[in-house]
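Student: Please find target28.cif (mmCIF, C-alpha atoms) on the next line:
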```cif
data_data
loop_
_atom_site.label_atom_id
_atom_site.label_comp_id
_atom_site.auth_asym_id
_atom_site.auth_seq_id
_atom_site.Cartn_x
_atom_site.Cartn_y
_atom_site.Cartn_z
CA MET A 1 82.32 -141.95 194.90
CA ASP A 2 85.35 -142.91 197.06
CA THR A 3 86.70 -146.37 196.30
CA GLY A 4 89.30 -148.72 197.67
CA CYS A 5 89.34 -152.33 198.86
CA ILE A 6 92.32 -154.69 198.97
CA ASP A 7 93.34 -157.87 200.79
CA SER A 8 97.12 -158.29 200.77
CA CYS A 9 98.56 -161.67 201.68
CA LYS A 10 102.17 -162.86 201.49
CA ASP A 11 102.67 -165.31 198.64
CA ILE A 12 104.33 -167.73 201.08
CA ILE A 13 101.01 -168.09 202.95
CA ILE A 14 98.59 -170.69 201.64
CA SER A 15 95.46 -168.78 200.69
CA GLU A 16 92.74 -168.50 198.06
CA GLU A 17 90.21 -165.85 197.07
CA LEU A 18 86.56 -166.72 197.65
CA PRO A 19 84.03 -165.96 194.89
CA VAL A 20 81.71 -163.10 195.84
CA GLN A 21 78.51 -162.51 193.87
CA SER A 22 78.12 -158.85 194.74
CA ASP A 23 78.87 -155.49 193.15
CA THR A 24 79.80 -153.99 196.53
CA GLU A 25 83.37 -153.29 197.56
CA SER A 26 83.95 -156.48 199.51
CA LEU A 27 86.66 -159.10 199.14
CA TYR A 28 87.16 -162.40 200.95
CA ILE A 29 90.06 -164.86 201.13
CA ARG A 30 90.53 -168.18 202.90
CA VAL A 31 93.83 -168.69 204.74
CA THR A 32 94.83 -172.25 205.68
CA THR A 33 96.09 -172.87 209.23
CA PRO A 34 98.41 -175.67 210.47
CA ASP A 35 95.49 -177.55 212.08
CA SER A 36 93.77 -177.76 208.65
CA LYS A 37 91.12 -175.26 209.66
CA SER A 38 90.91 -171.86 208.03
CA ILE A 39 90.67 -168.14 208.63
CA ILE A 40 88.20 -166.24 206.47
CA VAL A 41 89.49 -162.69 205.98
CA GLY A 42 87.03 -160.14 204.63
CA CYS A 43 87.80 -156.61 203.51
CA LEU A 44 84.83 -154.22 203.37
CA TYR A 45 84.33 -150.63 202.27
CA ARG A 46 81.11 -148.63 202.39
CA PRO A 47 81.24 -145.34 200.46
CA PRO A 48 79.64 -142.49 202.45
CA SER A 49 77.21 -141.80 199.59
CA SER A 50 75.92 -145.40 199.34
CA ASP A 51 72.32 -146.30 200.18
CA ILE A 52 70.47 -149.10 201.99
CA THR A 53 70.56 -151.30 198.87
CA TYR A 54 74.36 -151.27 198.97
CA MET A 55 74.38 -152.13 202.68
CA ASP A 56 71.86 -154.95 202.12
CA LYS A 57 74.06 -156.51 199.44
CA MET A 58 77.23 -156.18 201.53
CA SER A 59 75.57 -157.62 204.64
CA ASN A 60 73.94 -160.48 202.70
CA THR A 61 77.33 -161.46 201.28
CA ALA A 62 78.92 -161.49 204.75
CA GLU A 63 76.07 -163.64 206.12
CA GLU A 64 76.40 -166.12 203.23
CA ILE A 65 80.16 -166.39 203.77
CA PHE A 66 79.55 -167.00 207.49
CA LYS A 67 76.99 -169.77 206.85
CA GLU A 68 79.32 -171.55 204.42
CA ASN A 69 82.30 -171.28 206.80
CA ASN A 70 80.75 -171.34 210.27
CA SER A 71 83.53 -173.54 211.71
CA SER A 72 86.25 -171.14 210.54
CA ILE A 73 87.78 -168.13 212.25
CA LEU A 74 86.17 -165.06 210.70
CA TRP A 75 87.86 -161.67 210.41
CA LEU A 76 86.07 -158.70 208.85
CA GLY A 77 87.96 -155.44 208.55
CA GLY A 78 87.58 -152.19 206.70
CA ASP A 79 86.13 -148.70 206.61
CA LEU A 80 82.35 -148.67 206.99
CA ASN A 81 81.91 -144.92 207.54
CA LEU A 82 79.32 -145.58 210.27
CA PRO A 83 80.08 -143.16 213.12
CA ASP A 84 76.51 -143.50 214.46
CA ILE A 85 77.07 -147.00 215.87
CA ASP A 86 78.01 -147.32 219.55
CA TRP A 87 80.08 -150.50 219.50
CA LYS A 88 80.00 -150.94 223.27
CA SER A 89 76.26 -151.60 223.12
CA ASN A 90 75.95 -152.57 219.42
CA SER A 91 73.28 -149.92 219.03
CA VAL A 92 72.68 -146.86 216.85
CA CYS A 93 73.11 -143.58 218.73
CA GLY A 94 73.60 -140.97 215.99
CA ASN A 95 71.80 -139.79 212.88
CA GLN A 96 74.54 -138.89 210.39
CA TYR A 97 73.35 -141.80 208.23
CA SER A 98 69.90 -143.38 207.99
CA SER A 99 68.82 -145.77 210.73
CA GLN A 100 68.13 -148.40 208.05
CA ILE A 101 71.79 -148.49 206.97
CA ASN A 102 73.10 -148.56 210.54
CA ASN A 103 70.61 -151.17 211.78
CA ARG A 104 71.19 -153.47 208.80
CA PHE A 105 74.90 -153.61 209.56
CA VAL A 106 74.32 -154.15 213.29
CA ASP A 107 71.91 -156.98 212.40
CA MET A 108 74.58 -158.63 210.24
CA VAL A 109 77.11 -158.39 213.08
CA ASN A 110 74.64 -160.06 215.46
CA ASN A 111 73.53 -162.69 212.92
CA CYS A 112 77.15 -163.75 212.37
CA CYS A 113 77.96 -163.69 216.11
CA LEU A 114 80.74 -161.15 215.60
CA ASP A 115 82.45 -158.83 218.08
CA GLN A 116 83.99 -155.46 217.25
CA VAL A 117 87.46 -155.25 218.81
CA VAL A 118 88.29 -151.68 217.72
CA THR A 119 87.44 -149.60 220.80
CA PHE A 120 89.23 -146.37 219.86
CA PRO A 121 88.53 -143.58 217.32
CA THR A 122 90.26 -144.05 213.96
CA ARG A 123 89.50 -140.67 212.42
CA GLY A 124 89.01 -137.63 214.60
CA SER A 125 86.65 -138.71 217.39
CA ALA A 126 84.82 -141.32 215.29
CA THR A 127 85.38 -145.08 215.06
CA LEU A 128 84.96 -145.55 211.31
CA ASP A 129 87.17 -148.63 210.92
CA ILE A 130 86.21 -152.09 212.10
CA PHE A 131 87.77 -155.41 212.96
CA LEU A 132 85.01 -157.93 213.59
CA THR A 133 85.64 -161.54 214.60
CA ASN A 134 83.76 -164.56 215.88
CA ARG A 135 86.79 -165.54 218.00
CA PRO A 136 87.68 -162.42 220.04
CA SER A 137 89.63 -164.56 222.53
CA LEU A 138 92.29 -165.09 219.85
CA VAL A 139 92.99 -161.34 219.62
CA ASN A 140 95.90 -160.44 221.89
CA ARG A 141 96.11 -156.78 221.01
CA CYS A 142 94.24 -154.17 218.98
CA GLU A 143 95.71 -150.68 218.81
CA PRO A 144 96.13 -147.70 216.46
CA ILE A 145 99.41 -147.16 214.64
CA PRO A 146 100.52 -144.17 212.51
CA ALA A 147 98.29 -143.45 209.55
CA ILE A 148 99.12 -143.63 205.85
CA GLY A 149 96.08 -141.58 204.83
CA ASP A 150 93.52 -139.72 206.94
CA HIS A 151 92.61 -142.76 209.09
CA ASP A 152 94.77 -144.32 211.78
CA ILE A 153 95.76 -147.90 210.95
CA VAL A 154 94.21 -150.66 213.07
CA PHE A 155 96.95 -153.07 214.18
CA ILE A 156 95.86 -156.55 215.25
CA ASP A 157 98.02 -159.12 217.05
CA SER A 158 96.33 -162.52 217.06
CA ASN A 159 97.07 -166.07 218.21
CA ALA A 160 95.83 -167.44 214.89
CA ILE A 161 98.69 -168.83 212.80
CA ALA A 162 98.69 -169.08 209.02
CA MET A 163 100.29 -172.05 207.31
CA HIS A 164 103.35 -171.42 205.18
CA PRO A 165 106.49 -173.34 204.23
CA LYS A 166 109.92 -172.11 205.27
CA PRO A 167 111.90 -170.28 202.58
CA THR A 168 114.25 -172.54 200.65
CA GLN A 169 117.93 -171.96 201.36
CA ARG A 170 119.87 -170.61 198.38
CA LYS A 171 123.58 -170.27 197.75
CA ILE A 172 124.57 -166.60 197.49
CA TYR A 173 127.87 -165.69 195.85
CA ILE A 174 129.74 -162.74 197.41
CA TRP A 175 131.10 -161.15 194.24
CA LYS A 176 132.88 -158.24 195.91
CA ARG A 177 135.36 -160.76 197.36
CA ALA A 178 135.82 -162.76 194.16
CA ASP A 179 139.28 -163.41 192.63
CA ILE A 180 138.43 -162.04 189.18
CA GLU A 181 141.90 -162.43 187.66
CA LYS A 182 142.12 -166.08 188.62
CA MET A 183 138.62 -166.65 187.24
CA LYS A 184 139.65 -165.12 183.89
CA SER A 185 142.73 -167.35 183.75
CA GLU A 186 140.78 -170.52 184.54
CA ALA A 187 138.03 -169.58 182.07
CA GLN A 188 140.62 -169.23 179.30
CA GLU A 189 142.01 -172.67 180.19
CA LEU A 190 138.47 -174.07 180.15
CA SER A 191 137.98 -172.62 176.66
CA LYS A 192 141.13 -174.37 175.38
CA ILE A 193 140.01 -177.72 176.79
CA PHE A 194 136.53 -177.23 175.31
CA HIS A 195 137.85 -176.59 171.79
CA GLY A 196 140.12 -179.63 172.08
CA LEU A 197 137.28 -181.95 173.04
CA TYR A 198 134.39 -180.79 170.86
CA ASN A 199 133.67 -179.83 167.24
CA ALA A 200 130.68 -178.92 165.05
CA GLN A 201 129.42 -182.53 165.11
CA SER A 202 129.45 -182.84 168.92
CA SER A 203 126.25 -183.12 170.97
CA ILE A 204 124.86 -179.73 171.98
CA LEU A 205 123.76 -181.12 175.36
CA GLU A 206 127.21 -182.55 176.09
CA MET A 207 128.88 -179.25 175.19
CA TRP A 208 126.43 -177.29 177.34
CA ASP A 209 126.94 -179.62 180.33
CA PHE A 210 130.73 -179.20 180.01
CA ILE A 211 130.49 -175.39 179.90
CA LYS A 212 127.97 -175.19 182.75
CA SER A 213 129.83 -177.54 185.11
CA GLY A 214 133.19 -175.93 184.24
CA LEU A 215 132.00 -172.38 184.96
CA LYS A 216 130.28 -173.47 188.17
CA ASN A 217 133.48 -175.13 189.34
CA ILE A 218 135.43 -171.91 188.64
CA MET A 219 132.87 -169.86 190.60
CA ASP A 220 132.87 -172.25 193.56
CA LYS A 221 136.68 -172.10 193.79
CA ASN A 222 137.11 -168.35 193.37
CA VAL A 223 133.94 -166.68 194.69
CA PRO A 224 133.15 -166.90 198.45
CA SER A 225 129.54 -167.82 199.20
CA LYS A 226 126.99 -168.13 201.97
CA MET A 227 123.58 -169.75 202.37
CA SER A 228 120.46 -167.59 202.55
CA SER A 229 118.46 -167.46 205.76
CA THR A 230 115.31 -169.53 206.29
CA ARG A 231 113.82 -166.69 208.34
CA PHE A 232 111.21 -164.35 206.90
CA HIS A 233 112.45 -160.78 206.56
CA GLN A 234 112.35 -157.76 204.28
CA PRO A 235 115.84 -157.18 202.85
CA TRP A 236 115.26 -153.41 202.48
CA ILE A 237 114.64 -152.98 206.23
CA ASN A 238 118.03 -152.05 207.72
CA GLY A 239 119.08 -150.84 211.16
CA THR A 240 118.43 -147.18 210.34
CA ILE A 241 114.90 -147.90 209.10
CA LYS A 242 114.15 -149.91 212.25
CA ARG A 243 115.37 -147.09 214.53
CA ILE A 244 113.32 -144.44 212.73
CA THR A 245 110.27 -146.73 212.75
CA ARG A 246 110.54 -147.07 216.55
CA ARG A 247 110.89 -143.28 216.87
CA LYS A 248 107.82 -142.80 214.68
CA LYS A 249 105.73 -145.17 216.81
CA LYS A 250 106.75 -143.38 220.02
CA ALA A 251 106.05 -139.97 218.47
CA PHE A 252 102.66 -141.18 217.23
CA LYS A 253 101.63 -142.43 220.68
CA LYS A 254 102.76 -139.19 222.32
CA ALA A 255 100.96 -137.02 219.75
CA ARG A 256 97.79 -139.08 220.13
CA THR A 257 97.94 -138.70 223.92
CA THR A 258 98.88 -135.02 224.24
CA LYS A 259 97.22 -133.76 221.01
CA SER A 260 99.65 -130.82 221.14
CA THR A 261 100.63 -129.05 217.91
CA LYS A 262 104.32 -129.51 218.71
CA ASP A 263 104.04 -133.29 219.16
CA ILE A 264 101.85 -133.72 216.08
CA LYS A 265 104.34 -131.75 213.98
CA ARG A 266 107.24 -133.84 215.29
CA TYR A 267 105.41 -137.07 214.43
CA LYS A 268 104.65 -135.84 210.90
CA ASN A 269 108.30 -134.85 210.34
CA ILE A 270 109.54 -138.29 211.44
CA LYS A 271 106.89 -139.96 209.27
CA LYS A 272 108.01 -137.90 206.26
CA ASP A 273 111.67 -138.79 206.87
CA LEU A 274 110.85 -142.52 207.09
CA THR A 275 108.80 -142.40 203.89
CA LYS A 276 111.72 -140.83 202.01
CA ARG A 277 114.15 -143.48 203.27
CA MET A 278 111.84 -146.35 202.33
#
```
Could you rewrite the structure in this file as structure tokens?
Tutor:
Amino acid sequence: MDTGCIDSCKDIIISEELPVQSDTESLYIRVTTPDSKSIIVGCLYRPPSSDITYMDKMSNTAEEIFKENNSSILWLGGDLNLPDIDWKSNSVCGNQYSSQINNRFVDMVNNCCLDQVVTFPTRGSATLDIFLTNRPSLVNRCEPIPAIGDHDIVFIDSNAIAMHPKPTQRKIYIWKRADIEKMKSEAQELSKIFHGLYNAQSSILEMWDFIKSGLKNIMDKNVPSKMSSTRFHQPWINGTIKRITRRKKKAFKKARTTKSTKDIKRYKNIKKDLTKRM
């Protein structure tokens, strides 16, 4: 059986995992928003070989979460492997999987007053991946972006804002510009003063405070420094990575539009290059 279900959330965002009494591959977290409301984020996966019992359990869990959090923004995303559902009409049009499985999921969507915002195929010609929400007006944009595996990634841009504190500013010493020789000289002088002031009977805390403050003073005088940014960013993302990422996105859109072998190959080559650099 295929497996895989994960909800990733930055540790700077205030969130908590919700208890789920189910053996299905479903995971829910609550994200706090600035207005003291919350966003319930659910991650779902239905293995292709699963039966109606599995779908019943998964749907029951989603309905229970909705009832307990009906004033919250609800997001449900994942891979349901249900190509038979026509999301424009919320009806079952195919027969790759049993009508029971398809109808049970459609019933859950209707019971929770959810809308599917993914309107494009995510694997081949089938829409296997979902993003369901009870507040579709908050979704600014939903579009495919280059895949990691065999499914295109569903990218969502939403007006909902998670609550998180700003990063704390830290002092960063720039060691490549430090005056090492002067630091050595001042450290030797500090050592002489230390041995003149203290002996084996001296307080350990007093000695430690003297050493710590003395070394910090030497660093502050001889090592240039700067304060860290309060903006959120990934330090490993440099200018080159950003340029290649933009090229990859353009190549992906062109390959998806033209479906030509040449454009698909170019996109895959750029994707491979970016992966190596990351």
Student: Could you check the closest approach to Val117 of chain A for each of A:Ser15, A:Thr133, A:Ser225, A:Thr168 and tell me which residue wins, using all atoms listed in the file?
Tutor: A:Thr133
Student: Please indicate the distance in Å from atom CA of Val109 of chain A to atom CA of Gly77 of chain A, rounded to one decimal place.
Tutor: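 Separating atom CA of Val109 of chain A from atom CA of Gly77 of chain A is a distance of 12.1 Å.
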Student: Can you pull out every residue within 10 Å of Ile85 of chain A, counting all atoms listed in the file, but drop anything in the same chain fewer than 3 positions away, and send it as a CSV table (one decimal) with C-alpha atoms, keeping the file's coordinate frame?
Tutor:
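Result written to around.csv:
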```csv
chain,number,residue,atom,x,y,z
A,81,ASN,CA,81.9,-144.9,207.5
A,82,LEU,CA,79.3,-145.6,210.3
A,88,LYS,CA,80.0,-150.9,223.3
A,89,SER,CA,76.3,-151.6,223.1
A,90,ASN,CA,76.0,-152.6,219.4
A,91,SER,CA,73.3,-149.9,219.0
A,92,VAL,CA,72.7,-146.9,216.8
A,93,CYS,CA,73.1,-143.6,218.7
A,94,GLY,CA,73.6,-141.0,216.0
A,95,ASN,CA,71.8,-139.8,212.9
A,97,TYR,CA,73.4,-141.8,208.2
A,99,SER,CA,68.8,-145.8,210.7
A,102,ASN,CA,73.1,-148.6,210.5
A,103,ASN,CA,70.6,-151.2,211.8
A,105,PHE,CA,74.9,-153.6,209.6
A,106,VAL,CA,74.3,-154.2,213.3
A,126,ALA,CA,84.8,-141.3,215.3
A,127,THR,CA,85.4,-145.1,215.1
A,128,LEU,CA,85.0,-145.6,211.3
```
Student: For the file shown, report as a ChimeraX atom specification the outcome of the PyMOL selection byres ((chain A and resi 73) around 8) at residue level.
Tutor: /A:38-40,70-72,74-75,133-135
Student: Would you mind telling me which residue in A:Asp35, A:Phe194, A:Ile172, A:Arg256 lies nearest to Ser125 of chain A when using only C-alpha atoms?
Tutor: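 With only C-alpha atoms as the atom set, the closest residue is A:Arg256.
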Student: Please provide as a list in words all residues within 7 Å of Ala255 of chain A, with the sequence filter that same-chain residues fewer than 4 positions apart are discarded (counting only C-alpha atoms).
Tutor: Ala251, Lys259, Ser260, Asp263, Ile264 and Tyr267 of chain A
Student: Just how far from atom CA of Ser26 of chain A is atom CA of Arg141 of chain A, in Å to one decimal?
Tutor: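 Going from atom CA of Arg141 of chain A over to atom CA of Ser26 of chain A, I get 24.7 Å.
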Student: I'd like the interatomic distance between atom CA of Asn111 of chain A and atom CA of Arg123 of chain A, to a tenth of an Å.
Tutor: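 Atom CA of Arg123 of chain A lies 27.2 Å from atom CA of Asn111 of chain A.
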Student: Given the PyMOL selection byres ((chain A and resi 60) around 12) and the file above, list the residues it selects as a PyMOL selection string.
Tutor: chain A and resi 20-24+26+52-59+61-67+104-105+107-109+111-112
Student: Evaluated on this file, the PyMOL selection byres ((chain A and resi 215-224) around 7) picks out some residues - which ones are they, written as number ranges by chain?
Tutor: A: 173-175, 177-179, 183, 186, 211-214, 225
Student: Considering all atoms listed in the file, return as a list in words whatever protein or nucleic-acid residues lie within 10 Å of segment 235-245 of chain A, sequence-local ones (same chain, fewer than 2 positions apart) excluded.
Tutor: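 Answer for this query is Phe232, His233, Arg247, Lys248, Lys249, Lys250, Ala251, Ile270, Lys271, Asp273, Leu274, Thr275, Arg277 and Met278 of chain A.
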Student: Would you list the residues near (97.7, -155.5, 218.2), meaning any protein, DNA or RNA residue with an atom at most 6 Å from that point in file coordinates, counting all atoms listed in the file, as a PDB file with C-alpha atoms, keeping the file's coordinate frame?
Tutor:
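What ended up in result-v3.pdb:
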```pdb
ATOM      1  CA  ARG A 141      96.110-156.780 221.010  1.00  0.00           C
ATOM      2  CA  CYS A 142      94.240-154.170 218.980  1.00  0.00           C
ATOM      3  CA  GLU A 143      95.710-150.680 218.810  1.00  0.00           C
ATOM      4  CA  PHE A 155      96.950-153.070 214.180  1.00  0.00           C
ATOM      5  CA  ILE A 156      95.860-156.550 215.250  1.00  0.00           C
ATOM      6  CA  ASP A 157      98.020-159.120 217.050  1.00  0.00           C
TER       7      ASP A 157
END
```
Student: So which residues are close to (94.9, -167.4, 219.4), meaning at most 8 Å away in the file's coordinates with all atoms listed in the file counted, and can you show them as a list in words?
Tutor: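 So the residues meeting the distance criterion are Ser137, Leu138, Val139, Asn140, Ser158, Asn159, Ala160 and Ile161 of chain A.
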Student: Using only C-alpha atoms, which of the listed residues (A:Ser191, A:Thr33, A:Gln100, A:Thr257) sits closest to Phe210 of chain A?
Tutor: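 Selected residue with least distance to Phe210 of chain A: A:Ser191.
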Student: With distances taken over all atoms listed in the file, which of A:Tyr198, A:Phe120, A:Tyr45, A:Trp208 is nearest to Ile145 of chain A?
Tutor: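 Nearest to Ile145 of chain A: A:Phe120.
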Student: Using the incomplete input, complete segment 79-101 of chain A to the level of N, CA and C atoms; output as a compact mmCIF listing (two decimals), in the coordinates of the input.
Tutor:
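Output file result_2.txt follows:
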```
# COMPACT_ATOMS: atom_id res chain seq x y z
N ASP A 79 86.66 -150.04 206.31
CA ASP A 79 86.13 -148.70 206.61
C ASP A 79 84.66 -148.68 206.23
N LEU A 80 83.79 -148.65 207.23
CA LEU A 80 82.35 -148.67 206.99
C LEU A 80 81.72 -147.29 207.01
N ASN A 81 82.46 -146.28 207.46
CA ASN A 81 81.91 -144.92 207.54
C ASN A 81 80.57 -144.91 208.28
N LEU A 82 80.54 -145.53 209.46
CA LEU A 82 79.32 -145.58 210.27
C LEU A 82 79.60 -145.05 211.68
N PRO A 83 79.77 -143.73 211.81
CA PRO A 83 80.08 -143.16 213.12
C PRO A 83 78.91 -143.19 214.10
N ASP A 84 77.70 -143.52 213.60
CA ASP A 84 76.51 -143.50 214.46
C ASP A 84 76.41 -144.72 215.37
N ILE A 85 77.19 -145.77 215.09
CA ILE A 85 77.07 -147.00 215.87
C ILE A 85 77.92 -146.92 217.14
N ASP A 86 77.29 -147.21 218.28
CA ASP A 86 78.01 -147.32 219.55
C ASP A 86 78.38 -148.79 219.71
N TRP A 87 79.66 -149.11 219.53
CA TRP A 87 80.08 -150.50 219.50
C TRP A 87 80.10 -151.14 220.88
N LYS A 88 80.05 -150.35 221.93
CA LYS A 88 80.00 -150.94 223.27
C LYS A 88 78.65 -151.62 223.52
N SER A 89 77.60 -151.04 222.93
CA SER A 89 76.26 -151.60 223.12
C SER A 89 75.68 -152.20 221.84
N ASN A 90 76.45 -152.11 220.73
CA ASN A 90 75.95 -152.57 219.42
C ASN A 90 74.61 -151.94 219.07
N SER A 91 74.53 -150.64 219.31
CA SER A 91 73.28 -149.92 219.03
C SER A 91 73.58 -148.64 218.27
N VAL A 92 72.54 -148.08 217.65
CA VAL A 92 72.68 -146.86 216.85
C VAL A 92 72.34 -145.66 217.73
N CYS A 93 73.30 -144.73 217.84
CA CYS A 93 73.11 -143.58 218.73
C CYS A 93 73.12 -142.24 217.99
N GLY A 94 73.53 -142.22 216.74
CA GLY A 94 73.60 -140.97 215.99
C GLY A 94 72.64 -140.97 214.81
N ASN A 95 72.69 -139.89 214.04
CA ASN A 95 71.80 -139.79 212.88
C ASN A 95 72.50 -139.21 211.65
N GLN A 96 73.83 -139.39 211.57
CA GLN A 96 74.54 -138.89 210.39
C GLN A 96 74.12 -139.66 209.14
N TYR A 97 73.86 -140.97 209.32
CA TYR A 97 73.35 -141.80 208.23
C TYR A 97 72.02 -142.40 208.65
N SER A 98 71.25 -142.90 207.70
CA SER A 98 69.90 -143.38 207.99
C SER A 98 69.94 -144.56 208.96
N SER A 99 68.89 -144.67 209.76
CA SER A 99 68.82 -145.77 210.73
C SER A 99 68.76 -147.12 210.02
N GLN A 100 68.20 -147.15 208.80
CA GLN A 100 68.13 -148.40 208.05
C GLN A 100 69.53 -148.95 207.76
N ILE A 101 70.41 -148.07 207.29
CA ILE A 101 71.79 -148.49 206.97
C ILE A 101 72.50 -148.98 208.23
```
